[in-house]
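Undergrad: Sharing a structure below in structure tokens format, with a few things to ask.
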Amino acid sequence: LQNVRIDPSSISFSMWKDIPVPFYMSVHFFEVLNPKEVLQGAKPVLNQRGPYVYREFRYKTNITFHDNDTVSFLEYRKLFFQPDLSNGSEDEYIVVPNILMMGAAVMMENLPNFVKLLLSGALAGLKQEAFMNRTVGEIMWGYEDPLIDTINMFVPGLIPFKGKFGLFIELNNSNSGLFTVNTGMKNISRVHMVDSWNGLKKVNYWRSSECNMINGTAGEMWPPFMSPTSLEFYSPDACRSMTLVYERSGKFEGVPTYRFVAPKTLFANGTDYPPNEGFCPCMQSGIQNVSTCRLNAPVFISHPHFYNADPALVNAVEGLHPSKDQHALFLDVHPMTGIPMNCSIKLQLNLYIKQVSGIIQTGKIKPVVLPLLWFAESGSIEGSVLKQFYTNLVLIPSLLDYLQYIFLGLSVLLIMSAAVLM
């Protein structure tokens with residue numbers, strides 16, 4: 001128990017502070033093969049590109065212990081491209097929706113027509129089209145676009161940022177917010193459980209108190225002596241708490257584990273799963289509207305390839321092939337310590353696009369939730385850390401088990417010998 005607390009003297013503290021597990025982020029893009037036809041109302045045809053793999057380093061700073069059995073910290077992530085592990089380079093071009101333009105168009109749908117006509121004229125002057133041909137590096141880490149200044153001029157505050165735009169521009173060399181978690185010094189069953197995030201006991205993105213709750217841990221470790229039921233964690237990327245459910249027991253490199261997976265209800269809509277009503281307005285089951293925490297942009301998250309989603313989402317485009325083996329997320333956790341041994345967390349980012357009256361660049365695009373990319377953050381304990389785990393958690397307990405039977409046998413022999421002598 002002493003060694004799983006968040007305490008500088010515990011064995012697990014250095015692992016918690018600077019995670020020694022090699023994490024990798026693999027990104028798969030969906031290239032649109034028929035952009036001209038989509039503008040005329042055709043079904044989008046997609047081709048998956050990648051993976052583009054990045055080595056991910058995580059470390060904590062601003063570690064501050066408090067008197068109420070909690071500790072605060074900022075966790076930073078640094079990403080480095082790994083050409084040898086990738087299927088392609090960051091210099092490759094990919095045709096994807098013009099995310100800024102198409103997102104802004106849907107966001108402006110209910111504004112007066114003259115505003116949309118002004119924007120449409122400005123877009124024509126800037127030679128902006130519904131689809132763009134950009135490099136992987138630009139889409140991920142940012143590109144200069146005069147459209148940002150134009151939108152800010154016509155509709156101030158619609159997109160409250162300036163400079164470059166990139167889907168992962170705020171991920172690299174950044175932190176995931178100020179977490180305050182329990183240390184377990186007084187109550188080991190609360191260790192790693194989140195006390196607050198950015199000073200909040202609950203978020204205000206959603207429409208119900210239940211959906212706004214910050215439950216579970218920060219997603220790195222869990223309290224020891226886990227039961228084979230479920231685990232929870234708060235994800236700043238998804239702006240919500242997530243509950244994974246027990247699937248099966250197993251072993252990772254000889255170490256006993258519980259596997260936890262996403263239930264089918266994780267991204268279900270409020271009709272199919274009433275507790276999720278607070279995450280609405282909803283569309284089909286299997287996608288979650290995250291516009292309220294993404295600058296009101298028409299953005300949805302889901303499992304890759306719409307795995308576990310309404311078949312209508314898969315059928316609305318061509319080129320998706322959902323499967324459990326490739327697209328389901330999982331966590332393999334050592335139940336005695338609550339430490340993950342092997343994990344792969346996968347999410348897909350989608351953009352809702354459609355024809356918007358008054359903005360000619362949107363053509364005759366039919367309403368569709370269009371996959372942009374999906375990524376997997378994966379890691380497993382290996383090397384000296386794995387050896388330490390195996391020795392302390394498998395080998396030594398096994399030896400102790402054998403020794404107790406040996407001692408029991410010797411005790412029986414001694415008792416029998418004493419009885420004979422008497």
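A note on labels: chains of the structure tokens are A, B, ... as shown, every chain counts residues from 1, and ligands are counted from 1 in their shown order.
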Counting only C-alpha atoms, which residues of stretch 269-373 of chain A fall within 10 Å of stretch 47-71 of chain A, and what is the closest atom pair for each with its distance in Å at one decimal, ordered by chain and rising number, as a Markdown table?

TA:
```
| residue | atom | partner | partner_atom | distance |
| --- | --- | --- | --- | --- |
| A:His305 | CA | A:Gln48 | CA | 9.8 |
| A:Glu318 | CA | A:Asn47 | CA | 8.5 |
| A:Gly319 | CA | A:Asn47 | CA | 6.0 |
| A:Leu320 | CA | A:Asn47 | CA | 8.3 |
| A:Leu372 | CA | A:Gln48 | CA | 9.7 |
| A:Leu373 | CA | A:Gln48 | CA | 8.4 |
```

Undergrad: Identify all residues of stretch 285-337 of chain A in strand (DSSP E or B) (DSSP on the backbone) and supply them as a PyMOL selection string.

TA: chain A and resi 287-289+299-302+318+330-334

Undergrad: As a list of chain:residue names, please: the residues near stretch 189-196 of chain A (cut-off 6 Å, only C-alpha atoms, same-chain neighbours under 5 positions excluded).

TA: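 Residues near the query, excluding close chain neighbours: A:Thr180, A:Val181, A:Asn182, A:Thr183, A:Gly184, A:Lys201, A:Gly216, A:Thr217, A:Trp222, A:Pro223.
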
Undergrad: Could you write out the selected residues, including N, CA, C and O atoms, as a compact mmCIF listing (two decimals), in the first residue's frame?

TA:
```txt
# COMPACT_ATOMS: atom_id res chain seq x y z
N THR A 180 -5.80 18.07 -9.88
CA THR A 180 -5.57 17.87 -8.45
C THR A 180 -6.17 16.52 -8.10
O THR A 180 -7.37 16.30 -8.30
N VAL A 181 -5.31 15.61 -7.62
CA VAL A 181 -5.75 14.24 -7.36
C VAL A 181 -5.41 13.84 -5.93
O VAL A 181 -4.56 14.46 -5.28
N ASN A 182 -6.06 12.80 -5.45
CA ASN A 182 -5.81 12.29 -4.11
C ASN A 182 -4.49 11.51 -4.07
O ASN A 182 -4.19 10.75 -5.00
N THR A 183 -3.75 11.68 -2.99
CA THR A 183 -2.46 11.00 -2.85
C THR A 183 -2.61 9.60 -2.27
O THR A 183 -1.70 8.78 -2.42
N GLY A 184 -3.70 9.32 -1.56
CA GLY A 184 -3.88 8.02 -0.93
C GLY A 184 -3.16 7.89 0.40
O GLY A 184 -3.13 6.80 0.98
N LYS A 201 -14.77 21.31 -9.84
CA LYS A 201 -15.26 20.02 -9.35
C LYS A 201 -16.12 19.34 -10.42
O LYS A 201 -16.32 18.14 -10.40
N GLY A 216 -13.52 9.53 -11.55
CA GLY A 216 -12.39 8.65 -11.77
C GLY A 216 -11.05 9.32 -11.58
O GLY A 216 -10.90 10.29 -10.84
N THR A 217 -10.05 8.80 -12.29
CA THR A 217 -8.68 9.29 -12.18
C THR A 217 -8.34 10.16 -13.39
O THR A 217 -9.19 10.44 -14.22
N TRP A 222 -4.88 3.73 -11.24
CA TRP A 222 -6.13 3.61 -10.49
C TRP A 222 -5.83 3.07 -9.10
O TRP A 222 -4.73 2.55 -8.85
N PRO A 223 -6.79 3.17 -8.17
CA PRO A 223 -6.57 2.62 -6.83
C PRO A 223 -6.29 1.12 -6.88
O PRO A 223 -6.76 0.43 -7.78
```

Undergrad: For a quick check of understanding, using only C-alpha atoms, which of A:Gln288, A:Ser9, A:Ser72, A:Gln40 has the smallest distance to A:Gly177?

TA: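 For A:Gly177, the nearest of the candidates is A:Ser72.
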
Undergrad: I need the alpha helix (DSSP H) residues of stretch 103-258 of chain A per DSSP on the backbone, written as a PyMOL selection string.

TA: chain A and resi 103-107+113-125+136-141+146-154+209-212

Undergrad: As a list in words, please: the residues near A:Thr229 (cut-off 10 Å, only C-alpha atoms, same-chain neighbours under 3 positions excluded).

TA: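 Counting only C-alpha atoms, the residues come to Met226, Leu244, Val245, Tyr246, Glu247, Tyr258 and Phe260 of chain A.
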
Undergrad: Which residue is closest to A:Glu277? Choose from A:Cys239, A:Trp206, A:Tyr307, A:Asn172 and count only C-alpha atoms.

TA: A:Trp206

Undergrad: Grab the atom CA of A:Phe131 to atom CA of A:Glu37 distance for me, in Å with one decimal place.

TA: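 If I compute the distance from atom CA of A:Phe131 to atom CA of A:Glu37, I get 11.4 Å.
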
Undergrad: Of the candidates A:Gly137, A:Gly163, A:Pro367, A:Pro224, which shows the shortest atom-to-atom distance to A:Asp149, using only C-alpha atoms?

TA: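 So, comparing all the options, the nearest one is A:Gly163.
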
Undergrad: Find, counting only C-alpha atoms, the residue in A:Tyr24, A:Tyr273, A:Phe233, A:Phe375 that gets nearest to A:His303.

TA: A:Phe375

Undergrad: Ranking A:Leu119, A:Val261, A:Ile169, A:Leu46 by minimum distance to A:Gly358 and counting only C-alpha atoms, which one comes first?

TA: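 Distance minimum relative to A:Gly358 lands on A:Leu119.
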
Undergrad: Set the distance at 8 Å and use only C-alpha atoms: which residues neighbour stretch 334-346 of chain A once local chain neighbours fewer than 6 positions away are removed? I'd like the list as number ranges by chain.

TA: A: 4, 220-227, 252, 255-258, 303-304, 327-328, 374-381

Undergrad: Find the residues around A:Ala42 up to 12 Å (only C-alpha atoms counted), leave out those fewer than 3 positions away in its own chain, and share them as a VMD selection string.

TA: chain A and resid 32 to 39 45 316 to 318 354 363 to 368

Undergrad: Residues of the last selection are to be written out with N, CA, C and O atoms, as an mmCIF file, in the first residue's frame.

TA:
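Wrote part_33.cif, looks like this:
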```
data_model
loop_
_atom_site.group_PDB
_atom_site.id
_atom_site.type_symbol
_atom_site.label_atom_id
_atom_site.label_comp_id
_atom_site.auth_asym_id
_atom_site.auth_seq_id
_atom_site.Cartn_x
_atom_site.Cartn_y
_atom_site.Cartn_z
ATOM 1 N N VAL A 32 -10.079 12.369 -49.075
ATOM 2 C CA VAL A 32 -11.293 12.393 -49.891
ATOM 3 C C VAL A 32 -10.888 12.226 -51.352
ATOM 4 O O VAL A 32 -10.180 13.079 -51.922
ATOM 5 N N LEU A 33 -11.323 11.132 -51.976
ATOM 6 C CA LEU A 33 -10.893 10.812 -53.343
ATOM 7 C C LEU A 33 -11.736 11.503 -54.408
ATOM 8 O O LEU A 33 -11.287 11.627 -55.557
ATOM 9 N N ASN A 34 -12.945 11.956 -54.055
ATOM 10 C CA ASN A 34 -13.842 12.538 -55.062
ATOM 11 C C ASN A 34 -14.401 13.895 -54.613
ATOM 12 O O ASN A 34 -15.624 14.072 -54.540
ATOM 13 N N PRO A 35 -13.540 14.866 -54.312
ATOM 14 C CA PRO A 35 -14.035 16.143 -53.782
ATOM 15 C C PRO A 35 -14.980 16.880 -54.729
ATOM 16 O O PRO A 35 -15.959 17.485 -54.281
ATOM 17 N N LYS A 36 -14.720 16.831 -56.033
ATOM 18 C CA LYS A 36 -15.590 17.538 -56.995
ATOM 19 C C LYS A 36 -16.985 16.919 -57.013
ATOM 20 O O LYS A 36 -17.990 17.639 -57.078
ATOM 21 N N GLU A 37 -17.045 15.601 -56.943
ATOM 22 C CA GLU A 37 -18.338 14.916 -56.953
ATOM 23 C C GLU A 37 -19.108 15.184 -55.658
ATOM 24 O O GLU A 37 -20.338 15.324 -55.679
ATOM 25 N N VAL A 38 -18.388 15.254 -54.537
ATOM 26 C CA VAL A 38 -19.046 15.543 -53.254
ATOM 27 C C VAL A 38 -19.712 16.912 -53.307
ATOM 28 O O VAL A 38 -20.818 17.106 -52.786
ATOM 29 N N LEU A 39 -19.073 17.871 -53.967
ATOM 30 C CA LEU A 39 -19.651 19.207 -54.116
ATOM 31 C C LEU A 39 -20.949 19.181 -54.914
ATOM 32 O O LEU A 39 -21.790 20.077 -54.777
ATOM 33 N N VAL A 45 -16.019 9.410 -50.982
ATOM 34 C CA VAL A 45 -15.224 8.189 -51.055
ATOM 35 C C VAL A 45 -13.902 8.462 -50.347
ATOM 36 O O VAL A 45 -13.168 9.378 -50.723
ATOM 37 N N ALA A 316 -22.962 6.223 -45.017
ATOM 38 C CA ALA A 316 -23.032 7.562 -45.610
ATOM 39 C C ALA A 316 -21.774 7.923 -46.377
ATOM 40 O O ALA A 316 -21.755 8.896 -47.134
ATOM 41 N N VAL A 317 -20.714 7.146 -46.181
ATOM 42 C CA VAL A 317 -19.467 7.344 -46.922
ATOM 43 C C VAL A 317 -18.990 5.984 -47.413
ATOM 44 O O VAL A 317 -19.483 4.944 -46.987
ATOM 45 N N GLU A 318 -18.012 6.003 -48.305
ATOM 46 C CA GLU A 318 -17.400 4.756 -48.771
ATOM 47 C C GLU A 318 -15.957 4.707 -48.290
ATOM 48 O O GLU A 318 -15.273 5.734 -48.254
ATOM 49 N N LYS A 354 -22.116 20.273 -44.795
ATOM 50 C CA LYS A 354 -23.379 20.330 -45.519
ATOM 51 C C LYS A 354 -23.411 21.569 -46.403
ATOM 52 O O LYS A 354 -22.569 22.480 -46.271
ATOM 53 N N GLY A 363 -21.395 24.385 -52.266
ATOM 54 C CA GLY A 363 -22.001 23.645 -53.366
ATOM 55 C C GLY A 363 -23.307 22.979 -53.008
ATOM 56 O O GLY A 363 -24.185 23.586 -52.394
ATOM 57 N N LYS A 364 -23.419 21.691 -53.384
ATOM 58 C CA LYS A 364 -24.615 20.906 -53.085
ATOM 59 C C LYS A 364 -24.287 19.759 -52.131
ATOM 60 O O LYS A 364 -24.893 18.682 -52.188
ATOM 61 N N ILE A 365 -23.314 20.003 -51.245
ATOM 62 C CA ILE A 365 -22.872 18.952 -50.328
ATOM 63 C C ILE A 365 -24.035 18.472 -49.461
ATOM 64 O O ILE A 365 -24.719 19.269 -48.814
ATOM 65 N N LYS A 366 -24.255 17.185 -49.469
ATOM 66 C CA LYS A 366 -25.308 16.614 -48.621
ATOM 67 C C LYS A 366 -24.811 16.528 -47.182
ATOM 68 O O LYS A 366 -23.624 16.305 -46.940
ATOM 69 N N PRO A 367 -25.711 16.703 -46.211
ATOM 70 C CA PRO A 367 -25.300 16.621 -44.809
ATOM 71 C C PRO A 367 -24.651 15.275 -44.506
ATOM 72 O O PRO A 367 -25.228 14.225 -44.783
ATOM 73 N N VAL A 368 -23.451 15.307 -43.929
ATOM 74 C CA VAL A 368 -22.743 14.073 -43.600
ATOM 75 C C VAL A 368 -21.727 14.348 -42.488
ATOM 76 O O VAL A 368 -21.112 15.408 -42.448
#
```

Undergrad: Just give me the gap between atom CA of A:Glu253 and atom CA of A:Val27 in Å, one decimal is fine.

TA: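 Taking atom CA of A:Glu253 as the start and atom CA of A:Val27 as the end point, the length is 26.7 Å.
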